[in-house]
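Enquirer: Structure file my_file.cif (mmCIF, N, CA, C and O atoms) is given on the next line.
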data_run
loop_
_atom_site.label_atom_id
_atom_site.label_comp_id
_atom_site.auth_asym_id
_atom_site.auth_seq_id
_atom_site.Cartn_x
_atom_site.Cartn_y
_atom_site.Cartn_z
N MET R 1 0.84 -1.17 0.00
CA MET R 1 0.00 0.00 0.00
C MET R 1 0.88 1.24 0.00
O MET R 1 2.02 1.19 0.44
N ARG R 2 0.32 2.32 -0.52
CA ARG R 2 1.07 3.56 -0.56
C ARG R 2 0.13 4.71 -0.22
O ARG R 2 -1.09 4.59 -0.35
N SER R 3 0.69 5.80 0.21
CA SER R 3 -0.06 7.01 0.49
C SER R 3 0.01 7.91 -0.74
O SER R 3 1.08 8.35 -1.12
N PRO R 4 -1.14 8.17 -1.41
CA PRO R 4 -1.09 8.98 -2.62
C PRO R 4 -0.77 10.44 -2.31
O PRO R 4 -1.24 10.97 -1.31
N SER R 5 0.02 11.07 -3.16
CA SER R 5 0.38 12.47 -2.93
C SER R 5 -0.88 13.32 -2.94
O SER R 5 -1.76 13.16 -3.78
N GLY R 6 -0.99 14.20 -1.95
CA GLY R 6 -2.14 15.08 -1.83
C GLY R 6 -3.42 14.35 -1.48
O GLY R 6 -4.50 14.91 -1.61
N TYR R 7 -3.31 13.11 -1.05
CA TYR R 7 -4.48 12.27 -0.73
C TYR R 7 -5.50 12.32 -1.86
O TYR R 7 -6.69 12.57 -1.66
N CYS R 8 -5.03 12.09 -3.06
CA CYS R 8 -5.84 12.11 -4.28
C CYS R 8 -7.12 11.30 -4.08
O CYS R 8 -7.07 10.17 -3.60
N GLY R 9 -8.24 11.88 -4.43
CA GLY R 9 -9.52 11.21 -4.30
C GLY R 9 -9.97 11.03 -2.87
O GLY R 9 -10.91 10.29 -2.60
N GLY R 10 -9.28 11.66 -1.92
CA GLY R 10 -9.64 11.52 -0.51
C GLY R 10 -9.05 10.29 0.15
O GLY R 10 -9.32 10.00 1.31
N TYR R 11 -8.23 9.55 -0.59
CA TYR R 11 -7.63 8.32 -0.03
C TYR R 11 -6.37 8.64 0.75
O TYR R 11 -5.51 9.38 0.28
N GLN R 12 -6.25 8.06 1.94
CA GLN R 12 -5.01 8.17 2.70
C GLN R 12 -4.06 7.04 2.31
O GLN R 12 -2.86 7.19 2.36
N TRP R 13 -4.62 5.89 1.96
CA TRP R 13 -3.83 4.73 1.54
C TRP R 13 -4.50 4.10 0.33
O TRP R 13 -5.73 4.05 0.23
N THR R 14 -3.72 3.59 -0.58
CA THR R 14 -4.25 2.91 -1.76
C THR R 14 -3.22 1.89 -2.24
O THR R 14 -2.08 1.89 -1.79
N PHE R 15 -3.63 1.05 -3.14
CA PHE R 15 -2.73 0.08 -3.76
C PHE R 15 -2.17 0.67 -5.05
O PHE R 15 -2.84 1.45 -5.72
N ALA R 16 -0.95 0.30 -5.38
CA ALA R 16 -0.40 0.68 -6.68
C ALA R 16 -1.22 -0.05 -7.74
O ALA R 16 -1.46 -1.25 -7.63
N LYS R 17 -1.70 0.70 -8.71
CA LYS R 17 -2.46 0.06 -9.77
C LYS R 17 -2.46 0.95 -11.01
O LYS R 17 -2.18 2.13 -10.94
N GLY R 18 -2.73 0.33 -12.12
CA GLY R 18 -2.77 1.07 -13.37
C GLY R 18 -3.12 0.15 -14.51
O GLY R 18 -3.27 -1.06 -14.32
N GLY R 19 -3.22 0.71 -15.67
CA GLY R 19 -3.62 -0.06 -16.84
C GLY R 19 -2.51 -0.92 -17.39
O GLY R 19 -1.33 -0.67 -17.17
N ALA R 20 -2.93 -1.91 -18.12
CA ALA R 20 -1.96 -2.81 -18.76
C ALA R 20 -1.24 -2.08 -19.88
O ALA R 20 -1.79 -1.21 -20.53
N ASP R 21 0.00 -2.42 -20.06
CA ASP R 21 0.83 -1.91 -21.15
C ASP R 21 0.83 -2.99 -22.24
O ASP R 21 0.75 -4.18 -21.92
N PRO R 22 0.92 -2.61 -23.50
CA PRO R 22 0.92 -3.64 -24.56
C PRO R 22 2.03 -4.68 -24.41
O PRO R 22 1.90 -5.79 -24.91
N THR R 23 3.11 -4.35 -23.70
CA THR R 23 4.20 -5.31 -23.53
C THR R 23 3.95 -6.28 -22.36
O THR R 23 4.70 -7.24 -22.20
N ASP R 24 2.91 -6.01 -21.55
CA ASP R 24 2.59 -6.92 -20.44
C ASP R 24 1.91 -8.16 -20.98
O ASP R 24 0.88 -8.08 -21.64
N LEU R 25 2.48 -9.31 -20.69
CA LEU R 25 1.90 -10.56 -21.18
C LEU R 25 0.84 -11.14 -20.26
O LEU R 25 -0.02 -11.88 -20.69
N HIS R 26 0.92 -10.80 -18.95
CA HIS R 26 0.02 -11.36 -17.95
C HIS R 26 -0.31 -10.30 -16.91
O HIS R 26 0.45 -9.33 -16.73
N PRO R 27 -1.41 -10.45 -16.16
CA PRO R 27 -1.73 -9.51 -15.08
C PRO R 27 -0.58 -9.38 -14.07
O PRO R 27 -0.36 -8.31 -13.51
N GLU R 28 0.15 -10.47 -13.86
CA GLU R 28 1.28 -10.41 -12.93
C GLU R 28 2.33 -9.42 -13.40
O GLU R 28 2.92 -8.69 -12.59
N ALA R 29 2.57 -9.36 -14.70
CA ALA R 29 3.55 -8.41 -15.26
C ALA R 29 3.09 -6.98 -15.03
O ALA R 29 3.89 -6.11 -14.68
N THR R 30 1.80 -6.73 -15.22
CA THR R 30 1.25 -5.39 -14.97
C THR R 30 1.43 -5.02 -13.51
O THR R 30 1.86 -3.90 -13.19
N ALA R 31 1.12 -5.93 -12.60
CA ALA R 31 1.23 -5.65 -11.16
C ALA R 31 2.68 -5.35 -10.77
O ALA R 31 2.94 -4.38 -10.05
N LEU R 32 3.61 -6.14 -11.24
CA LEU R 32 5.02 -5.91 -10.91
C LEU R 32 5.51 -4.57 -11.46
O LEU R 32 6.22 -3.82 -10.79
N ARG R 33 5.09 -4.24 -12.69
CA ARG R 33 5.50 -2.97 -13.30
C ARG R 33 4.91 -1.78 -12.54
O ARG R 33 5.60 -0.81 -12.25
N GLU R 34 3.65 -1.86 -12.16
CA GLU R 34 3.01 -0.74 -11.46
C GLU R 34 3.64 -0.50 -10.09
O GLU R 34 3.85 0.63 -9.68
N VAL R 35 3.94 -1.57 -9.36
CA VAL R 35 4.60 -1.42 -8.05
C VAL R 35 5.97 -0.78 -8.24
O VAL R 35 6.36 0.12 -7.49
N PHE R 36 6.69 -1.18 -9.26
CA PHE R 36 8.00 -0.59 -9.53
C PHE R 36 7.85 0.89 -9.89
O PHE R 36 8.55 1.74 -9.33
N GLU R 37 6.94 1.22 -10.79
CA GLU R 37 6.78 2.61 -11.24
C GLU R 37 6.29 3.53 -10.12
O GLU R 37 6.74 4.66 -9.99
N GLU R 38 5.33 3.06 -9.32
CA GLU R 38 4.71 3.92 -8.32
C GLU R 38 5.40 3.91 -6.98
O GLU R 38 5.27 4.86 -6.21
N MET R 39 6.14 2.84 -6.67
CA MET R 39 6.75 2.73 -5.35
C MET R 39 8.25 2.53 -5.37
O MET R 39 8.90 2.64 -4.35
N GLY R 40 8.81 2.18 -6.53
CA GLY R 40 10.25 2.03 -6.64
C GLY R 40 10.80 0.69 -6.18
O GLY R 40 12.00 0.53 -6.04
N TYR R 41 9.92 -0.28 -5.96
CA TYR R 41 10.38 -1.58 -5.49
C TYR R 41 10.35 -2.62 -6.60
O TYR R 41 9.36 -2.74 -7.31
N SER R 42 11.43 -3.38 -6.72
CA SER R 42 11.41 -4.61 -7.49
C SER R 42 10.90 -5.68 -6.54
O SER R 42 11.37 -5.77 -5.40
N CYS R 43 9.92 -6.45 -6.97
CA CYS R 43 9.29 -7.44 -6.10
C CYS R 43 9.18 -8.78 -6.80
O CYS R 43 9.41 -8.89 -8.00
N ARG R 44 8.80 -9.75 -6.03
CA ARG R 44 8.40 -11.04 -6.59
C ARG R 44 7.01 -11.32 -6.05
O ARG R 44 6.67 -10.94 -4.92
N ILE R 45 6.19 -11.96 -6.86
CA ILE R 45 4.83 -12.31 -6.45
C ILE R 45 4.88 -13.57 -5.62
O ILE R 45 5.45 -14.58 -6.02
N VAL R 46 4.28 -13.50 -4.43
CA VAL R 46 4.20 -14.64 -3.52
C VAL R 46 2.95 -15.46 -3.83
O VAL R 46 3.00 -16.68 -3.90
N ALA R 47 1.81 -14.75 -4.02
CA ALA R 47 0.55 -15.44 -4.29
C ALA R 47 -0.48 -14.44 -4.82
O ALA R 47 -0.42 -13.26 -4.49
N PRO R 48 -1.41 -14.92 -5.62
CA PRO R 48 -2.52 -14.04 -6.01
C PRO R 48 -3.47 -13.89 -4.82
O PRO R 48 -3.56 -14.78 -3.97
N ILE R 49 -4.14 -12.76 -4.76
CA ILE R 49 -5.18 -12.54 -3.75
C ILE R 49 -6.50 -12.90 -4.43
O ILE R 49 -6.79 -12.42 -5.53
N SER R 50 -7.29 -13.72 -3.79
CA SER R 50 -8.52 -14.22 -4.39
C SER R 50 -9.47 -13.10 -4.79
O SER R 50 -9.61 -12.11 -4.08
N GLY R 51 -10.12 -13.30 -5.90
CA GLY R 51 -11.17 -12.40 -6.35
C GLY R 51 -10.72 -11.42 -7.40
O GLY R 51 -9.54 -11.18 -7.60
N GLU R 52 -11.71 -10.89 -8.09
CA GLU R 52 -11.52 -9.82 -9.05
C GLU R 52 -12.48 -8.72 -8.65
O GLU R 52 -13.61 -9.00 -8.23
N PHE R 53 -12.04 -7.47 -8.75
CA PHE R 53 -12.81 -6.35 -8.25
C PHE R 53 -13.16 -5.42 -9.41
O PHE R 53 -12.28 -4.77 -9.97
N ALA R 54 -14.44 -5.39 -9.77
CA ALA R 54 -14.89 -4.62 -10.92
C ALA R 54 -15.20 -3.18 -10.53
O ALA R 54 -15.77 -2.92 -9.46
N SER R 55 -14.81 -2.27 -11.41
CA SER R 55 -15.21 -0.87 -11.28
C SER R 55 -15.94 -0.49 -12.56
O SER R 55 -16.25 -1.35 -13.38
N ASP R 56 -16.20 0.78 -12.74
CA ASP R 56 -16.88 1.22 -13.96
C ASP R 56 -16.04 1.02 -15.21
O ASP R 56 -16.58 0.92 -16.31
N THR R 57 -14.73 0.99 -15.06
CA THR R 57 -13.85 0.98 -16.23
C THR R 57 -12.98 -0.26 -16.39
O THR R 57 -12.39 -0.44 -17.44
N CYS R 58 -12.85 -1.06 -15.35
CA CYS R 58 -11.94 -2.21 -15.46
C CYS R 58 -12.22 -3.26 -14.40
O CYS R 58 -13.06 -3.07 -13.53
N VAL R 59 -11.48 -4.35 -14.48
CA VAL R 59 -11.48 -5.39 -13.45
C VAL R 59 -10.07 -5.44 -12.89
O VAL R 59 -9.10 -5.51 -13.64
N THR R 60 -9.94 -5.36 -11.57
CA THR R 60 -8.64 -5.31 -10.92
C THR R 60 -8.37 -6.61 -10.19
O THR R 60 -9.24 -7.15 -9.52
N ARG R 61 -7.14 -7.09 -10.31
CA ARG R 61 -6.65 -8.24 -9.56
C ARG R 61 -5.51 -7.77 -8.68
O ARG R 61 -4.75 -6.88 -9.06
N TYR R 62 -5.35 -8.38 -7.51
CA TYR R 62 -4.28 -8.02 -6.60
C TYR R 62 -3.39 -9.22 -6.33
O TYR R 62 -3.83 -10.37 -6.43
N PHE R 63 -2.14 -8.94 -5.95
CA PHE R 63 -1.16 -9.98 -5.69
C PHE R 63 -0.39 -9.64 -4.42
O PHE R 63 -0.05 -8.49 -4.19
N LEU R 64 -0.13 -10.66 -3.61
CA LEU R 64 0.75 -10.50 -2.45
C LEU R 64 2.17 -10.55 -2.97
O LEU R 64 2.53 -11.47 -3.71
N MET R 65 2.97 -9.52 -2.61
CA MET R 65 4.34 -9.43 -3.12
C MET R 65 5.34 -9.32 -1.98
O MET R 65 5.01 -8.86 -0.90
N GLU R 66 6.54 -9.72 -2.29
CA GLU R 66 7.66 -9.59 -1.38
C GLU R 66 8.69 -8.68 -2.05
O GLU R 66 9.07 -8.91 -3.20
N PRO R 67 9.12 -7.61 -1.34
CA PRO R 67 10.12 -6.73 -1.96
C PRO R 67 11.46 -7.43 -2.09
O PRO R 67 11.87 -8.17 -1.21
N ILE R 68 12.11 -7.18 -3.21
CA ILE R 68 13.45 -7.69 -3.45
C ILE R 68 14.48 -6.58 -3.26
O ILE R 68 15.50 -6.77 -2.62
N GLU R 69 14.16 -5.41 -3.83
CA GLU R 69 15.11 -4.31 -3.81
C GLU R 69 14.37 -2.98 -4.01
O GLU R 69 13.48 -2.88 -4.84
N LEU R 70 14.76 -1.97 -3.25
CA LEU R 70 14.29 -0.61 -3.48
C LEU R 70 15.22 -0.01 -4.52
O LEU R 70 16.42 0.13 -4.29
N THR R 71 14.67 0.29 -5.69
CA THR R 71 15.52 0.73 -6.79
C THR R 71 15.36 2.20 -7.13
O THR R 71 16.14 2.73 -7.91
N LYS R 72 14.33 2.85 -6.57
CA LYS R 72 14.13 4.28 -6.81
C LYS R 72 13.98 4.97 -5.47
O LYS R 72 13.46 4.41 -4.53
N ASP R 73 14.41 6.19 -5.40
CA ASP R 73 14.26 6.98 -4.18
C ASP R 73 13.24 8.07 -4.45
O ASP R 73 13.51 8.98 -5.23
N PHE R 74 12.09 7.97 -3.85
CA PHE R 74 11.03 8.95 -4.07
C PHE R 74 11.10 10.05 -3.06
O PHE R 74 11.23 9.96 -1.95
#
Please, can you express the file's structure as structure tokens?
Expert:
Amino acid sequence: MRSPSGYCGGYQWTFAKGGADPTDLHPEATALREVFEEMGYSCRIVAPISGEFASDTCVTRYFLMEPIELTKDF
């Protein structure tokens, strides 16, 4: 979880998330890329979190991750 800058949308905490990139082959690739881009961590997926969560624009899946390395300093 991360704290969005300026508490965007009124959220104090949120998950890193975003749309798939054409180079992402699987939802796991999207999740790993988003965590890296938004939080600066290289991670490995430990397990998927059960369920899919639909919104007006997409379906979101979540994954339990373990950090490997902090690669960006925010």
Enquirer: Quick one: pull the distance between atom N of Asp24 in chain R and atom C of Gln12 in chain R, Å, one decimal.
Expert: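 Spanning atom N of Asp24 in chain R to atom C of Gln12 in chain R is a straight-line distance of 28.1 Å.
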Enquirer: Atom O of Phe15 in chain R and atom N of Glu34 in chain R, how far apart in Å?
Expert: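 Value for the atom N of Glu34 in chain R-atom O of Phe15 in chain R distance: 9.7 Å.
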Enquirer: For the file shown, what are the residues hit by the PyMOL selection byres ((chain R and resi 47-64) around 7), laid out as a list of chain:residue names?
Expert: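 Selected by the PyMOL selection byres ((chain R and resi 47-64) around 7) in this file: R:Ala16, R:Pro27, R:Ala31, R:Arg44, R:Ile45, R:Val46, R:Met65, R:Glu66.
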Enquirer: Can you work out the spacing between atom N of Lys72 in chain R and CA of Tyr41 in chain R in Å, to one decimal?
Expert: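 Separation between atom N of Lys72 in chain R and CA of Tyr41 in chain R: 6.0 Å.
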